[in-house]
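Here is the structure we will look at.
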Amino acid sequence: MARDQAVRVTLTDAELARLDELRPAGMSRPAFLRSLLREPPRGDEVATRNEALAILTALARDGRVAAAIALERATRESGPIDDALDEILGHD
């Protein structure tokens with residue numbers, strides 16, 4: 001798809017840091033911003049257990065401490081994995 005329109009955006013250091021925090025690893029800033037213009041996921045779409053673990057893994061690898069802790073709790077062998085993941089995800 002040819003792109004013949006351009007938008008210039010000036011961000012503060014904090015805004016740029018937040019953009020990079022939200023942006024998936026390996027995705028460019030322009031590609032991420034374009035992805036935000038697509039139809040958002042529906043509110044009734046709940047991640048499967050494997051999707052949730054994949055998301056937590058990606059966030060943990062990017063250095064998100066809370067995600068690393070949640071991933072560890074979700075995969076800990078000493079307790080029921082499904083219960084820990086449900087607690088993290090806020091499911092009853």
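Starting from 1 in every chain, residues are counted up; chains themselves are A, B, ... following the order of the structure tokens, and ligands are numbered from 1 as listed.
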
Worksheet entry | Close residues, region 46-61 of chain A itself excluded, 8 Å, only C-alpha atoms, min 6 positions apart in chain, as number ranges by chain | A: 25, 67-68, 70-71, 74, 85

With N, CA and C atoms retained, write the just-selected residues as a CSV table (one decimal), in the first residue's frame.
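File produced: out-v1.csv:
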chain,number,residue,atom,x,y,z
A,25,ALA,N,8.0,-5.6,21.1
A,25,ALA,CA,9.4,-5.8,20.7
A,25,ALA,C,9.4,-6.1,19.2
A,67,ALA,N,5.3,-8.1,35.3
A,67,ALA,CA,4.9,-9.2,34.4
A,67,ALA,C,5.8,-10.5,34.7
A,68,ALA,N,7.0,-10.2,35.1
A,68,ALA,CA,7.9,-11.4,35.5
A,68,ALA,C,7.4,-12.0,36.7
A,70,ALA,N,4.2,-12.0,37.8
A,70,ALA,CA,3.0,-12.7,37.4
A,70,ALA,C,3.3,-14.0,36.7
A,71,LEU,N,4.2,-13.9,35.8
A,71,LEU,CA,4.6,-15.1,35.0
A,71,LEU,C,5.1,-16.2,36.0
A,74,ALA,N,2.2,-17.7,37.8
A,74,ALA,CA,1.4,-18.5,36.9
A,74,ALA,C,2.0,-19.8,36.6
A,85,LEU,N,-3.2,-18.1,37.5
A,85,LEU,CA,-3.5,-17.3,36.3
A,85,LEU,C,-4.8,-16.6,36.4

Give me the residues near region 7-22 of chain A as a PDB file with N, CA and C atoms, in the first residue's frame, where near means some atom within 10 Å (using only C-alpha atoms) and where sequence neighbours in that chain fewer than 2 positions away do not count.
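In the end it all went to around_39.pdb:
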ATOM      1  N   GLN A   5       0.741  10.277   2.498  1.00  0.00           N
ATOM      2  CA  GLN A   5       0.423  11.255   3.528  1.00  0.00           C
ATOM      3  C   GLN A   5       1.405  11.070   4.685  1.00  0.00           C
ATOM      4  N   PRO A  24       5.202  -3.319  20.961  1.00  0.00           N
ATOM      5  CA  PRO A  24       5.746  -4.689  21.013  1.00  0.00           C
ATOM      6  C   PRO A  24       7.189  -4.724  20.520  1.00  0.00           C
ATOM      7  N   ALA A  25       7.966  -5.616  21.091  1.00  0.00           N
ATOM      8  CA  ALA A  25       9.364  -5.773  20.683  1.00  0.00           C
ATOM      9  C   ALA A  25       9.422  -6.122  19.200  1.00  0.00           C
ATOM     10  N   MET A  27       8.671  -4.177  16.705  1.00  0.00           N
ATOM     11  CA  MET A  27       7.768  -3.372  15.873  1.00  0.00           C
ATOM     12  C   MET A  27       8.271  -1.933  15.865  1.00  0.00           C
ATOM     13  N   SER A  28       8.323  -1.338  14.695  1.00  0.00           N
ATOM     14  CA  SER A  28       8.787   0.045  14.596  1.00  0.00           C
ATOM     15  C   SER A  28       7.743   0.993  15.190  1.00  0.00           C
ATOM     16  N   ARG A  29       8.175   2.167  15.533  1.00  0.00           N
ATOM     17  CA  ARG A  29       7.242   3.169  16.072  1.00  0.00           C
ATOM     18  C   ARG A  29       6.138   3.498  15.079  1.00  0.00           C
ATOM     19  N   PHE A  32       3.676   0.651  14.876  1.00  0.00           N
ATOM     20  CA  PHE A  32       2.853   0.574  16.082  1.00  0.00           C
ATOM     21  C   PHE A  32       1.761   1.646  16.067  1.00  0.00           C
ATOM     22  N   LEU A  33       2.119   2.860  15.703  1.00  0.00           N
ATOM     23  CA  LEU A  33       1.117   3.930  15.653  1.00  0.00           C
ATOM     24  C   LEU A  33       0.037   3.625  14.618  1.00  0.00           C
ATOM     25  N   LEU A  59       6.382  -9.435  28.003  1.00  0.00           N
ATOM     26  CA  LEU A  59       6.576  -8.284  28.892  1.00  0.00           C
ATOM     27  C   LEU A  59       7.724  -8.526  29.864  1.00  0.00           C
ATOM     28  N   ASP A  62      10.987  -8.018  28.267  1.00  0.00           N
ATOM     29  CA  ASP A  62      11.257  -6.593  28.043  1.00  0.00           C
ATOM     30  C   ASP A  62      11.609  -5.869  29.337  1.00  0.00           C
ATOM     31  N   GLY A  63      11.683  -6.614  30.442  1.00  0.00           N
ATOM     32  CA  GLY A  63      12.105  -6.020  31.706  1.00  0.00           C
ATOM     33  C   GLY A  63      10.986  -5.540  32.600  1.00  0.00           C
ATOM     34  N   ARG A  64       9.761  -5.884  32.294  1.00  0.00           N
ATOM     35  CA  ARG A  64       8.630  -5.475  33.145  1.00  0.00           C
ATOM     36  C   ARG A  64       8.574  -6.386  34.363  1.00  0.00           C
TER      37      ARG A  64
END

Discussion item. Between CA of Glu72 (chain A) and CA of Gly26 (chain A), what is the distance in Å, rounded to a tenth?
Written reply: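 Atom-to-atom, CA of Glu72 (chain A) to CA of Gly26 (chain A), that is 23.9 Å.
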